[in-house]
Amino acid sequence: MTDQKNREANRDSNREAGGDARPAGERAAPLAIEVEGLCKRYGDHEAVRNLSFSVRAGEVVGFLGPNGAGKTTVMRILTGFLPATDGTARIAGHDVFSDPIAARRAIGYLPETPPLYPEMTPASYVDFVARLKDVPRAKRRAAVDRALERCGLASVRGREIRQLSKGYRQRVGLAQAIVHDPQVLVLDEPTVGLDPIQIREIRALIADLSRSGHQTVILSTHILPEVEAICQRVILIGRGQKVLDQPLAELTKGGVALEEVFTRVMTRDAADAVEKGAA
Amino acid sequence: MRHTLTIASRELRSLFLSPVAYVVLTLWSVIAGTFFLVSLLTFHERQLQLQQFQMLEQIETMNLNDNLIEPFIGSMWVIVLFLLPAVTMGLVASEKANGTDELLLTSPITIWDIVLGKFLAGVEFVTILTAIAGFFPALLFHYGEPELGKTLAGMLCLWLVSVTYVAVGVFASSVTRNQLVAFIFTFVLLLILGMMLPFIVDISMSGSGVAADSKVAEVVRWMATGSHVDRMLQGLIDTGDLAYYAVASAIFLVLSKTVIESARWR
């Protein structure tokens, strides 16, 4: 009960934040992420097909799709880990292919499996990442402390990462992503494999990040309540293509559950594919 | 440059948080101590022998550098070949196994920062190894009068061979995510580079009827580490030998960079 209330409160505050940003934002807020005609082929397999979308600064976007839809691939291209076969992607105005260093500096990235060194402590690990991400020396200590604090890691900052529970490791991954206060936060399935309490904590943290900061967040998931809890907009992809791109408020207008929308769209998409295949 | 140092210092710290570094350091110390002792006893025995047979002329020519330090370092660089793969195997391979390559490759750093950072960490480690080995010849300065220059040239030689082999290790570690594969690959490469090349020349020459002094044979011999060790151990620092270490290191570092870069396109 309280959980639901919390969620509703979160959603409301997000809507408000979105509402604040939008009227002025349509023109004023710069584009934080611009993707145009993105394609990625692995051999014969087309993981991403002609994908285009954009995200305004300060938006929290849910990147939704069934497993294997190409979410991770898109995120890896955005962060510069994988090169695209075709198309362009810009982060805070920097092309990820031609100006990778500037683009990466603007990004905080939590991959599907948090990239941790098990023998390090959260404090030394986050400090290492802060150095990699060019946090100025004078601000580094404070930045590291703040990231650990926000992710609730202050009590385990000196423990070895290998001894930490999965939930804590996920938080270390998140702390690593936010330490340099990036303009764009890319989170790949940030709550997968966590227990319900940890999931709620991580969600609260993400909601807190988007509310307090100027941060743009794009997070991938296939858990629908997650999107309802923290996102303002939904981009749905299936088999590497964009299927839907709408504000959450419009989608669930009239009390329609997101799950219904999702199932409807995905089955329609699958039917289209079968038709195309038959023709 | 700053990022190179960041990566190197993290790597070195992690190396010392794992047991591998301590196992290698212990083995190295024990082996160095044993070899030194053997060299010392051999030296002493030979001296007694010569005295017994009144071969004064030969006693005159015996000295600590040529008859003790040189054979000692001459065997230590071969030990590097056996121990170093254990240290370098994880340099890049463990990043891939941990998934931390995704962090490094999405950070605002270049691939050269990664390669040189790993190389530098390895270089720092072999500097410690060289210092440990150097402790034993240094003892001799307390009891006798070896030539300082010649001794230092020998230590430099040991260090340069180790540094070159670190570059080989970085390369072998970057082609795989499996540390065991990296270990074996490094070991095989070092074995070829360090020991087998001259034999390969001899064997293939005797079969194909190509003269042993042909250009090909010359180049292959040049590639062998062994042919750049002897002169330096005798105290002769030759630019050609220095160039060998520099070129070999550079080649393997460029290869590492290429491998890491091309892995993303697959």
# chains A, B, ... in the order shown; residues from 1 in each chain; ligands from 1

call {"tool": "closest_atom_pairs", "arguments": {"of": "chain A", "to": "chain B", "cutoff": "8 Å", "atoms": "only C-alpha atoms", "output": "JSON lines"}}
result
{"residue": "A:Tyr42", "atom": "CA", "partner": "B:Arg266", "partner_atom": "CA", "distance": 7.5}
{"residue": "A:Thr79", "atom": "CA", "partner": "B:Thr106", "partner_atom": "CA", "distance": 5.7}
{"residue": "A:Gly80", "atom": "CA", "partner": "B:Thr106", "partner_atom": "CA", "distance": 5.7}
{"residue": "A:Phe81", "atom": "CA", "partner": "B:Thr106", "partner_atom": "CA", "distance": 5.5}
{"residue": "A:Leu82", "atom": "CA", "partner": "B:Arg264", "partner_atom": "CA", "distance": 5.7}
{"residue": "A:Pro83", "atom": "CA", "partner": "B:Trp265", "partner_atom": "CA", "distance": 6.6}
{"residue": "A:Pro100", "atom": "CA", "partner": "B:Pro108", "partner_atom": "CA", "distance": 7.4}
{"residue": "A:Ile101", "atom": "CA", "partner": "B:Pro108", "partner_atom": "CA", "distance": 4.5}
{"residue": "A:Ala102", "atom": "CA", "partner": "B:Pro108", "partner_atom": "CA", "distance": 6.9}
{"residue": "A:Ala103", "atom": "CA", "partner": "B:Pro108", "partner_atom": "CA", "distance": 7.9}
{"residue": "A:Arg104", "atom": "CA", "partner": "B:Pro108", "partner_atom": "CA", "distance": 5.2}
{"residue": "A:Arg105", "atom": "CA", "partner": "B:Pro108", "partner_atom": "CA", "distance": 5.4}
{"residue": "A:Tyr109", "atom": "CA", "partner": "B:Thr106", "partner_atom": "CA", "distance": 7.8}
{"residue": "A:Pro111", "atom": "CA", "partner": "B:Glu102", "partner_atom": "CA", "distance": 7.5}
{"residue": "A:Thr113", "atom": "CA", "partner": "B:Gly99", "partner_atom": "CA", "distance": 7.1}
{"residue": "A:Pro114", "atom": "CA", "partner": "B:Gly99", "partner_atom": "CA", "distance": 7.5}
{"residue": "A:Pro115", "atom": "CA", "partner": "B:Thr100", "partner_atom": "CA", "distance": 4.3}
{"residue": "A:Leu116", "atom": "CA", "partner": "B:Thr100", "partner_atom": "CA", "distance": 6.1}
{"residue": "A:Tyr117", "atom": "CA", "partner": "B:Asn98", "partner_atom": "CA", "distance": 7.0}
{"residue": "A:Glu119", "atom": "CA", "partner": "B:Ser14", "partner_atom": "CA", "distance": 6.7}
{"residue": "A:Met120", "atom": "CA", "partner": "B:Ser14", "partner_atom": "CA", "distance": 7.3}
{"residue": "A:Phe128", "atom": "CA", "partner": "B:Thr6", "partner_atom": "CA", "distance": 7.1}
{"residue": "A:Arg131", "atom": "CA", "partner": "B:Thr6", "partner_atom": "CA", "distance": 6.9}
{"residue": "A:Leu132", "atom": "CA", "partner": "B:His3", "partner_atom": "CA", "distance": 6.1}
{"residue": "A:Lys133", "atom": "CA", "partner": "B:Pro108", "partner_atom": "CA", "distance": 6.1}
{"residue": "A:Asp134", "atom": "CA", "partner": "B:Pro108", "partner_atom": "CA", "distance": 7.8}

call {"tool": "write_last_selection", "arguments": {"atoms": "N, CA and C atoms", "output": "PDB file, in the first residue's frame"}}
result
ATOM      1  N   TYR A  42      25.468  -7.658 -36.862  1.00  0.00           N
ATOM      2  CA  TYR A  42      26.487  -8.641 -36.479  1.00  0.00           C
ATOM      3  C   TYR A  42      26.431  -9.721 -37.546  1.00  0.00           C
ATOM      4  N   THR A  79      27.298   4.798 -25.781  1.00  0.00           N
ATOM      5  CA  THR A  79      28.419   5.033 -24.879  1.00  0.00           C
ATOM      6  C   THR A  79      29.768   4.857 -25.575  1.00  0.00           C
ATOM      7  N   GLY A  80      29.729   4.474 -26.856  1.00  0.00           N
ATOM      8  CA  GLY A  80      30.976   4.363 -27.595  1.00  0.00           C
ATOM      9  C   GLY A  80      31.684   3.038 -27.406  1.00  0.00           C
ATOM     10  N   PHE A  81      31.026   2.079 -26.764  1.00  0.00           N
ATOM     11  CA  PHE A  81      31.670   0.768 -26.583  1.00  0.00           C
ATOM     12  C   PHE A  81      31.660  -0.014 -27.891  1.00  0.00           C
ATOM     13  N   LEU A  82      30.562   0.133 -28.640  1.00  0.00           N
ATOM     14  CA  LEU A  82      30.461  -0.530 -29.942  1.00  0.00           C
ATOM     15  C   LEU A  82      30.329   0.527 -31.029  1.00  0.00           C
ATOM     16  N   PRO A  83      30.962   0.315 -32.168  1.00  0.00           N
ATOM     17  CA  PRO A  83      30.721   1.221 -33.291  1.00  0.00           C
ATOM     18  C   PRO A  83      29.441   0.793 -34.015  1.00  0.00           C
ATOM     19  N   PRO A 100      34.668  11.093 -29.842  1.00  0.00           N
ATOM     20  CA  PRO A 100      34.303  10.151 -28.776  1.00  0.00           C
ATOM     21  C   PRO A 100      34.676  10.614 -27.369  1.00  0.00           C
ATOM     22  N   ILE A 101      35.812  11.292 -27.234  1.00  0.00           N
ATOM     23  CA  ILE A 101      36.277  11.642 -25.889  1.00  0.00           C
ATOM     24  C   ILE A 101      35.305  12.620 -25.222  1.00  0.00           C
ATOM     25  N   ALA A 102      34.897  13.646 -25.975  1.00  0.00           N
ATOM     26  CA  ALA A 102      33.971  14.633 -25.405  1.00  0.00           C
ATOM     27  C   ALA A 102      32.615  14.001 -25.122  1.00  0.00           C
ATOM     28  N   ALA A 103      32.169  13.119 -26.028  1.00  0.00           N
ATOM     29  CA  ALA A 103      30.872  12.458 -25.825  1.00  0.00           C
ATOM     30  C   ALA A 103      30.903  11.589 -24.580  1.00  0.00           C
ATOM     31  N   ARG A 104      32.001  10.834 -24.410  1.00  0.00           N
ATOM     32  CA  ARG A 104      32.085   9.924 -23.270  1.00  0.00           C
ATOM     33  C   ARG A 104      32.190  10.686 -21.959  1.00  0.00           C
ATOM     34  N   ARG A 105      32.811  11.873 -22.026  1.00  0.00           N
ATOM     35  CA  ARG A 105      32.954  12.653 -20.805  1.00  0.00           C
ATOM     36  C   ARG A 105      31.577  13.075 -20.279  1.00  0.00           C
ATOM     37  N   TYR A 109      27.703   5.662 -17.302  1.00  0.00           N
ATOM     38  CA  TYR A 109      27.169   4.437 -17.887  1.00  0.00           C
ATOM     39  C   TYR A 109      27.231   3.287 -16.897  1.00  0.00           C
ATOM     40  N   PRO A 111      26.673  -0.511 -17.231  1.00  0.00           N
ATOM     41  CA  PRO A 111      26.386  -1.637 -18.126  1.00  0.00           C
ATOM     42  C   PRO A 111      25.527  -2.687 -17.423  1.00  0.00           C
ATOM     43  N   THR A 113      26.121  -5.791 -16.624  1.00  0.00           N
ATOM     44  CA  THR A 113      26.857  -6.289 -15.466  1.00  0.00           C
ATOM     45  C   THR A 113      27.786  -5.162 -15.021  1.00  0.00           C
ATOM     46  N   PRO A 114      27.665  -4.716 -13.758  1.00  0.00           N
ATOM     47  CA  PRO A 114      28.488  -3.592 -13.322  1.00  0.00           C
ATOM     48  C   PRO A 114      29.973  -3.915 -13.505  1.00  0.00           C
ATOM     49  N   PRO A 115      30.728  -3.015 -14.112  1.00  0.00           N
ATOM     50  CA  PRO A 115      32.153  -3.281 -14.392  1.00  0.00           C
ATOM     51  C   PRO A 115      33.016  -3.054 -13.163  1.00  0.00           C
ATOM     52  N   LEU A 116      33.072  -4.059 -12.285  1.00  0.00           N
ATOM     53  CA  LEU A 116      33.756  -3.871 -11.003  1.00  0.00           C
ATOM     54  C   LEU A 116      35.041  -4.680 -10.927  1.00  0.00           C
ATOM     55  N   TYR A 117      35.997  -4.150 -10.170  1.00  0.00           N
ATOM     56  CA  TYR A 117      37.205  -4.907  -9.835  1.00  0.00           C
ATOM     57  C   TYR A 117      36.971  -5.505  -8.455  1.00  0.00           C
ATOM     58  N   GLU A 119      38.629  -6.994  -6.274  1.00  0.00           N
ATOM     59  CA  GLU A 119      39.621  -6.877  -5.203  1.00  0.00           C
ATOM     60  C   GLU A 119      39.708  -5.454  -4.639  1.00  0.00           C
ATOM     61  N   MET A 120      39.015  -4.502  -5.277  1.00  0.00           N
ATOM     62  CA  MET A 120      39.094  -3.121  -4.795  1.00  0.00           C
ATOM     63  C   MET A 120      37.970  -2.831  -3.794  1.00  0.00           C
ATOM     64  N   PHE A 128      39.067   5.718  -8.617  1.00  0.00           N
ATOM     65  CA  PHE A 128      39.708   5.363  -9.889  1.00  0.00           C
ATOM     66  C   PHE A 128      38.872   5.849 -11.072  1.00  0.00           C
ATOM     67  N   ARG A 131      39.037   9.549 -11.598  1.00  0.00           N
ATOM     68  CA  ARG A 131      40.259   9.943 -12.307  1.00  0.00           C
ATOM     69  C   ARG A 131      40.117   9.713 -13.805  1.00  0.00           C
ATOM     70  N   LEU A 132      39.557   8.552 -14.164  1.00  0.00           N
ATOM     71  CA  LEU A 132      39.368   8.242 -15.585  1.00  0.00           C
ATOM     72  C   LEU A 132      38.469   9.267 -16.247  1.00  0.00           C
ATOM     73  N   LYS A 133      37.459   9.746 -15.496  1.00  0.00           N
ATOM     74  CA  LYS A 133      36.462  10.634 -16.088  1.00  0.00           C
ATOM     75  C   LYS A 133      36.832  12.104 -15.932  1.00  0.00           C
ATOM     76  N   ASP A 134      38.085  12.357 -15.580  1.00  0.00           N
ATOM     77  CA  ASP A 134      38.585  13.737 -15.534  1.00  0.00           C
ATOM     78  C   ASP A 134      37.906  14.622 -14.500  1.00  0.00           C
TER      79      ASP A 134
END

call {"tool": "residues_around", "arguments": {"residues": "Gln176 (chain A)", "least_positions_apart": "5", "cutoff": "8 Å", "atoms": "only C-alpha atoms", "output": "PDB file with all heavy atoms, in the first residue's frame"}}
result
ATOM      1  N   GLY A 108      27.475   9.012 -18.086  1.00  0.00           N
ATOM      2  CA  GLY A 108      27.702   8.059 -17.005  1.00  0.00           C
ATOM      3  C   GLY A 108      27.008   6.782 -17.417  1.00  0.00           C
ATOM      4  O   GLY A 108      25.873   6.812 -17.855  1.00  0.00           O
ATOM      5  N   LEU A 110      26.091   2.683 -16.682  1.00  0.00           N
ATOM      6  CA  LEU A 110      26.048   1.449 -15.896  1.00  0.00           C
ATOM      7  C   LEU A 110      25.687   0.303 -16.831  1.00  0.00           C
ATOM      8  O   LEU A 110      24.535   0.169 -17.236  1.00  0.00           O
ATOM      9  CB  LEU A 110      25.009   1.554 -14.775  1.00  0.00           C
ATOM     10  CG  LEU A 110      24.765   0.279 -13.976  1.00  0.00           C
ATOM     11  CD1 LEU A 110      26.011  -0.175 -13.245  1.00  0.00           C
ATOM     12  CD2 LEU A 110      23.628   0.461 -12.987  1.00  0.00           C
ATOM     13  N   TYR A 125      37.659   2.215  -5.825  1.00  0.00           N
ATOM     14  CA  TYR A 125      37.144   1.989  -7.172  1.00  0.00           C
ATOM     15  C   TYR A 125      36.501   3.255  -7.739  1.00  0.00           C
ATOM     16  O   TYR A 125      36.795   3.656  -8.868  1.00  0.00           O
ATOM     17  CB  TYR A 125      36.137   0.844  -7.151  1.00  0.00           C
ATOM     18  CG  TYR A 125      35.359   0.674  -8.428  1.00  0.00           C
ATOM     19  CD1 TYR A 125      35.980   0.215  -9.587  1.00  0.00           C
ATOM     20  CD2 TYR A 125      34.014   0.985  -8.491  1.00  0.00           C
ATOM     21  CE1 TYR A 125      35.280   0.065 -10.766  1.00  0.00           C
ATOM     22  CE2 TYR A 125      33.298   0.836  -9.660  1.00  0.00           C
ATOM     23  CZ  TYR A 125      33.924   0.379 -10.796  1.00  0.00           C
ATOM     24  OH  TYR A 125      33.224   0.249 -11.953  1.00  0.00           O
ATOM     25  N   VAL A 126      35.631   3.887  -6.952  1.00  0.00           N
ATOM     26  CA  VAL A 126      34.962   5.093  -7.440  1.00  0.00           C
ATOM     27  C   VAL A 126      35.987   6.211  -7.653  1.00  0.00           C
ATOM     28  O   VAL A 126      35.882   6.994  -8.600  1.00  0.00           O
ATOM     29  CB  VAL A 126      33.831   5.523  -6.478  1.00  0.00           C
ATOM     30  CG1 VAL A 126      33.213   6.841  -6.918  1.00  0.00           C
ATOM     31  CG2 VAL A 126      32.753   4.448  -6.410  1.00  0.00           C
ATOM     32  N   VAL A 129      37.561   5.594 -11.011  1.00  0.00           N
ATOM     33  CA  VAL A 129      36.688   6.016 -12.108  1.00  0.00           C
ATOM     34  C   VAL A 129      36.663   7.540 -12.206  1.00  0.00           C
ATOM     35  O   VAL A 129      36.689   8.101 -13.307  1.00  0.00           O
ATOM     36  CB  VAL A 129      35.260   5.446 -11.940  1.00  0.00           C
ATOM     37  CG1 VAL A 129      34.359   5.927 -13.059  1.00  0.00           C
ATOM     38  CG2 VAL A 129      35.296   3.930 -11.911  1.00  0.00           C
ATOM     39  N   ALA A 130      36.666   8.219 -11.057  1.00  0.00           N
ATOM     40  CA  ALA A 130      36.665   9.681 -11.071  1.00  0.00           C
ATOM     41  C   ALA A 130      37.904  10.217 -11.798  1.00  0.00           C
ATOM     42  O   ALA A 130      37.832  11.198 -12.542  1.00  0.00           O
ATOM     43  CB  ALA A 130      36.626  10.228  -9.648  1.00  0.00           C
ATOM     44  N   ALA A 147      29.127  10.598  -4.284  1.00  0.00           N
ATOM     45  CA  ALA A 147      28.575   9.476  -5.049  1.00  0.00           C
ATOM     46  C   ALA A 147      28.325   8.281  -4.129  1.00  0.00           C
ATOM     47  O   ALA A 147      27.273   7.636  -4.204  1.00  0.00           O
ATOM     48  CB  ALA A 147      29.527   9.091  -6.178  1.00  0.00           C
TER      49      ALA A 147
END

call {"tool": "select_by_dssp", "arguments": {"residues": "region 31-97 of chain A", "states": "strand (DSSP E)", "output": "PDB file with C-alpha atoms, in the first residue's frame"}}
result
ATOM      1  CA  LEU A  31      18.807  17.749 -27.024  1.00  0.00           C
ATOM      2  CA  ALA A  32      20.903  15.542 -24.767  1.00  0.00           C
ATOM      3  CA  ILE A  33      20.721  12.458 -26.973  1.00  0.00           C
ATOM      4  CA  GLU A  34      20.186  12.474 -30.725  1.00  0.00           C
ATOM      5  CA  VAL A  35      20.094   9.224 -32.646  1.00  0.00           C
ATOM      6  CA  GLU A  36      19.550   9.158 -36.405  1.00  0.00           C
ATOM      7  CA  GLY A  37      19.212   6.153 -38.673  1.00  0.00           C
ATOM      8  CA  LEU A  38      21.224   3.923 -36.384  1.00  0.00           C
ATOM      9  CA  CYS A  39      21.976   0.436 -37.717  1.00  0.00           C
ATOM     10  CA  LYS A  40      24.031  -2.354 -36.232  1.00  0.00           C
ATOM     11  CA  ARG A  41      24.701  -5.629 -37.951  1.00  0.00           C
ATOM     12  CA  TYR A  42      26.487  -8.641 -36.479  1.00  0.00           C
ATOM     13  CA  HIS A  45      21.952 -10.560 -37.956  1.00  0.00           C
ATOM     14  CA  GLU A  46      20.532  -7.034 -37.826  1.00  0.00           C
ATOM     15  CA  ALA A  47      20.451  -6.108 -34.144  1.00  0.00           C
ATOM     16  CA  VAL A  48      19.373  -2.503 -34.712  1.00  0.00           C
ATOM     17  CA  ARG A  49      17.534  -1.266 -37.785  1.00  0.00           C
ATOM     18  CA  ASN A  50      17.269   2.369 -38.759  1.00  0.00           C
ATOM     19  CA  LEU A  51      16.590   3.628 -35.257  1.00  0.00           C
ATOM     20  CA  SER A  52      16.032   7.330 -34.662  1.00  0.00           C
ATOM     21  CA  PHE A  53      15.021   9.134 -31.495  1.00  0.00           C
ATOM     22  CA  SER A  54      16.021  12.075 -29.400  1.00  0.00           C
ATOM     23  CA  VAL A  55      15.924  12.909 -25.716  1.00  0.00           C
ATOM     24  CA  ARG A  56      15.788  16.404 -24.282  1.00  0.00           C
ATOM     25  CA  VAL A  60      13.893  10.431 -17.920  1.00  0.00           C
ATOM     26  CA  VAL A  61      13.248   7.976 -20.712  1.00  0.00           C
ATOM     27  CA  GLY A  62      12.447   4.295 -20.387  1.00  0.00           C
ATOM     28  CA  PHE A  63      13.969   2.216 -23.121  1.00  0.00           C
ATOM     29  CA  LEU A  64      11.623  -0.699 -23.280  1.00  0.00           C
ATOM     30  CA  ASP A  86      25.412   3.021 -39.992  1.00  0.00           C
ATOM     31  CA  GLY A  87      23.786   6.206 -38.719  1.00  0.00           C
ATOM     32  CA  THR A  88      24.814   8.811 -36.182  1.00  0.00           C
ATOM     33  CA  ALA A  89      24.484   9.316 -32.459  1.00  0.00           C
ATOM     34  CA  ARG A  90      25.205  12.515 -30.556  1.00  0.00           C
ATOM     35  CA  ILE A  91      25.535  12.951 -26.813  1.00  0.00           C
ATOM     36  CA  HIS A  94      29.152  15.510 -29.462  1.00  0.00           C
ATOM     37  CA  ASP A  95      29.173  12.800 -32.092  1.00  0.00           C
TER      38      ASP A  95
END

call {"tool": "residues_around", "arguments": {"residues": "Leu158 (chain B)", "least_positions_apart": "4", "cutoff": "8 Å", "atoms": "only C-alpha atoms", "output": "JSON, numbers by chain"}}
result
{"B": [73, 76, 77, 130, 154, 162]}

call {"tool": "residues_around", "arguments": {"residues": "Arg239 (chain A)", "least_positions_apart": "4", "cutoff": "10 Å", "atoms": "only C-alpha atoms", "output": "PyMOL selection string"}}
result
chain A and resi 46-49+65-71+243+269-270+273

call {"tool": "residues_around", "arguments": {"residues": "Glu260 (chain A)", "least_positions_apart": "5", "cutoff": "12 Å", "atoms": "only C-alpha atoms", "output": "list in words"}}
result
Leu224, Pro225, Leu251, Thr252, Gly255, Val265, Met266 and Thr267 of chain A

call {"tool": "write_last_selection", "arguments": {"atoms": "all heavy atoms", "output": "PDB file, in the first residue's frame"}}
result
ATOM      1  N   LEU A 224       7.867  -3.450 -16.533  1.00  0.00           N
ATOM      2  CA  LEU A 224       6.991  -2.320 -16.818  1.00  0.00           C
ATOM      3  C   LEU A 224       6.723  -1.403 -15.625  1.00  0.00           C
ATOM      4  O   LEU A 224       6.741  -0.189 -15.793  1.00  0.00           O
ATOM      5  CB  LEU A 224       5.681  -2.837 -17.415  1.00  0.00           C
ATOM      6  CG  LEU A 224       5.930  -3.604 -18.718  1.00  0.00           C
ATOM      7  CD1 LEU A 224       4.652  -4.244 -19.208  1.00  0.00           C
ATOM      8  CD2 LEU A 224       6.491  -2.681 -19.781  1.00  0.00           C
ATOM      9  N   PRO A 225       6.503  -1.959 -14.434  1.00  0.00           N
ATOM     10  CA  PRO A 225       6.243  -1.052 -13.311  1.00  0.00           C
ATOM     11  C   PRO A 225       7.395  -0.076 -13.073  1.00  0.00           C
ATOM     12  O   PRO A 225       7.202   1.032 -12.579  1.00  0.00           O
ATOM     13  CB  PRO A 225       6.083  -2.005 -12.119  1.00  0.00           C
ATOM     14  CG  PRO A 225       5.717  -3.312 -12.710  1.00  0.00           C
ATOM     15  CD  PRO A 225       6.387  -3.371 -14.038  1.00  0.00           C
ATOM     16  N   LEU A 251       0.234   7.510 -22.823  1.00  0.00           N
ATOM     17  CA  LEU A 251       0.062   6.072 -22.993  1.00  0.00           C
ATOM     18  C   LEU A 251      -0.943   5.493 -22.022  1.00  0.00           C
ATOM     19  O   LEU A 251      -1.765   4.655 -22.366  1.00  0.00           O
ATOM     20  CB  LEU A 251       1.412   5.363 -22.787  1.00  0.00           C
ATOM     21  CG  LEU A 251       2.275   5.176 -24.008  1.00  0.00           C
ATOM     22  CD1 LEU A 251       3.564   4.516 -23.598  1.00  0.00           C
ATOM     23  CD2 LEU A 251       1.557   4.324 -25.037  1.00  0.00           C
ATOM     24  N   THR A 252      -0.838   5.935 -20.782  1.00  0.00           N
ATOM     25  CA  THR A 252      -1.662   5.333 -19.740  1.00  0.00           C
ATOM     26  C   THR A 252      -2.891   6.193 -19.452  1.00  0.00           C
ATOM     27  O   THR A 252      -3.528   6.037 -18.419  1.00  0.00           O
ATOM     28  CB  THR A 252      -0.837   5.148 -18.461  1.00  0.00           C
ATOM     29  OG1 THR A 252      -0.231   6.397 -18.133  1.00  0.00           O
ATOM     30  CG2 THR A 252       0.238   4.102 -18.655  1.00  0.00           C
ATOM     31  N   GLY A 255      -6.483   5.391 -17.569  1.00  0.00           N
ATOM     32  CA  GLY A 255      -6.306   4.252 -16.665  1.00  0.00           C
ATOM     33  C   GLY A 255      -5.880   2.966 -17.336  1.00  0.00           C
ATOM     34  O   GLY A 255      -6.011   1.897 -16.768  1.00  0.00           O
ATOM     35  N   VAL A 265       0.959  -3.658 -28.370  1.00  0.00           N
ATOM     36  CA  VAL A 265       1.902  -3.175 -29.385  1.00  0.00           C
ATOM     37  C   VAL A 265       2.825  -4.291 -29.859  1.00  0.00           C
ATOM     38  O   VAL A 265       3.054  -4.461 -31.054  1.00  0.00           O
ATOM     39  CB  VAL A 265       2.730  -1.995 -28.829  1.00  0.00           C
ATOM     40  CG1 VAL A 265       3.848  -1.642 -29.789  1.00  0.00           C
ATOM     41  CG2 VAL A 265       1.837  -0.802 -28.597  1.00  0.00           C
ATOM     42  N   MET A 266       3.316  -5.080 -28.912  1.00  0.00           N
ATOM     43  CA  MET A 266       4.276  -6.116 -29.286  1.00  0.00           C
ATOM     44  C   MET A 266       3.629  -7.215 -30.126  1.00  0.00           C
ATOM     45  O   MET A 266       4.230  -7.718 -31.065  1.00  0.00           O
ATOM     46  CB  MET A 266       4.926  -6.736 -28.044  1.00  0.00           C
ATOM     47  CG  MET A 266       5.893  -5.823 -27.294  1.00  0.00           C
ATOM     48  SD  MET A 266       6.947  -4.765 -28.307  1.00  0.00           S
ATOM     49  CE  MET A 266       7.994  -5.980 -29.067  1.00  0.00           C
ATOM     50  N   THR A 267       2.397  -7.595 -29.797  1.00  0.00           N
ATOM     51  CA  THR A 267       1.749  -8.646 -30.591  1.00  0.00           C
ATOM     52  C   THR A 267       1.411  -8.121 -31.981  1.00  0.00           C
ATOM     53  O   THR A 267       1.548  -8.829 -32.967  1.00  0.00           O
ATOM     54  CB  THR A 267       0.474  -9.176 -29.903  1.00  0.00           C
ATOM     55  OG1 THR A 267      -0.259  -8.067 -29.385  1.00  0.00           O
ATOM     56  CG2 THR A 267       0.809 -10.150 -28.794  1.00  0.00           C
TER      57      THR A 267
END

call {"tool": "atom_distance", "arguments": {"atom1": "CA of Asp195 (chain A)", "atom2": "CA of Gly58 (chain A)"}}
result
28.4 Å

call {"tool": "residues_around", "arguments": {"residues": "region 39-49 of chain B", "least_positions_apart": "3", "cutoff": "7 Å", "atoms": "only C-alpha atoms", "output": "PyMOL selection string"}}
result
chain B and resi 35-36+52-53+59+67-68+72

call {"tool": "write_last_selection", "arguments": {"atoms": "N, CA, C and O atoms", "output": "PDB file, in the first residue's frame"}}
result
ATOM      1  N   PHE B  35      70.814 -19.309  -7.431  1.00  0.00           N
ATOM      2  CA  PHE B  35      71.733 -19.137  -8.559  1.00  0.00           C
ATOM      3  C   PHE B  35      72.967 -18.361  -8.153  1.00  0.00           C
ATOM      4  O   PHE B  35      74.078 -18.664  -8.567  1.00  0.00           O
ATOM      5  N   PHE B  36      72.758 -17.363  -7.317  1.00  0.00           N
ATOM      6  CA  PHE B  36      73.897 -16.558  -6.893  1.00  0.00           C
ATOM      7  C   PHE B  36      74.863 -17.408  -6.067  1.00  0.00           C
ATOM      8  O   PHE B  36      76.073 -17.362  -6.258  1.00  0.00           O
ATOM      9  N   GLN B  52      95.640 -24.711  -6.891  1.00  0.00           N
ATOM     10  CA  GLN B  52      96.214 -26.024  -6.699  1.00  0.00           C
ATOM     11  C   GLN B  52      97.194 -26.366  -7.813  1.00  0.00           C
ATOM     12  O   GLN B  52      98.247 -26.916  -7.582  1.00  0.00           O
ATOM     13  N   PHE B  53      96.771 -26.028  -9.024  1.00  0.00           N
ATOM     14  CA  PHE B  53      97.618 -26.360 -10.180  1.00  0.00           C
ATOM     15  C   PHE B  53      98.603 -25.239 -10.517  1.00  0.00           C
ATOM     16  O   PHE B  53      99.232 -25.267 -11.551  1.00  0.00           O
ATOM     17  N   ILE B  59      94.595 -17.260 -12.825  1.00  0.00           N
ATOM     18  CA  ILE B  59      94.046 -16.634 -11.610  1.00  0.00           C
ATOM     19  C   ILE B  59      94.028 -15.120 -11.776  1.00  0.00           C
ATOM     20  O   ILE B  59      93.065 -14.450 -11.419  1.00  0.00           O
ATOM     21  N   ASN B  67      83.395 -13.804 -14.104  1.00  0.00           N
ATOM     22  CA  ASN B  67      83.242 -15.179 -13.656  1.00  0.00           C
ATOM     23  C   ASN B  67      82.139 -15.398 -12.640  1.00  0.00           C
ATOM     24  O   ASN B  67      81.854 -16.509 -12.263  1.00  0.00           O
ATOM     25  N   LEU B  68      81.506 -14.308 -12.196  1.00  0.00           N
ATOM     26  CA  LEU B  68      80.427 -14.500 -11.213  1.00  0.00           C
ATOM     27  C   LEU B  68      79.162 -13.746 -11.619  1.00  0.00           C
ATOM     28  O   LEU B  68      78.106 -14.343 -11.828  1.00  0.00           O
ATOM     29  N   PHE B  72      75.644 -15.179 -13.539  1.00  0.00           N
ATOM     30  CA  PHE B  72      74.453 -15.044 -12.694  1.00  0.00           C
ATOM     31  C   PHE B  72      73.325 -14.354 -13.460  1.00  0.00           C
ATOM     32  O   PHE B  72      72.210 -14.878 -13.580  1.00  0.00           O
TER      33      PHE B  72
END
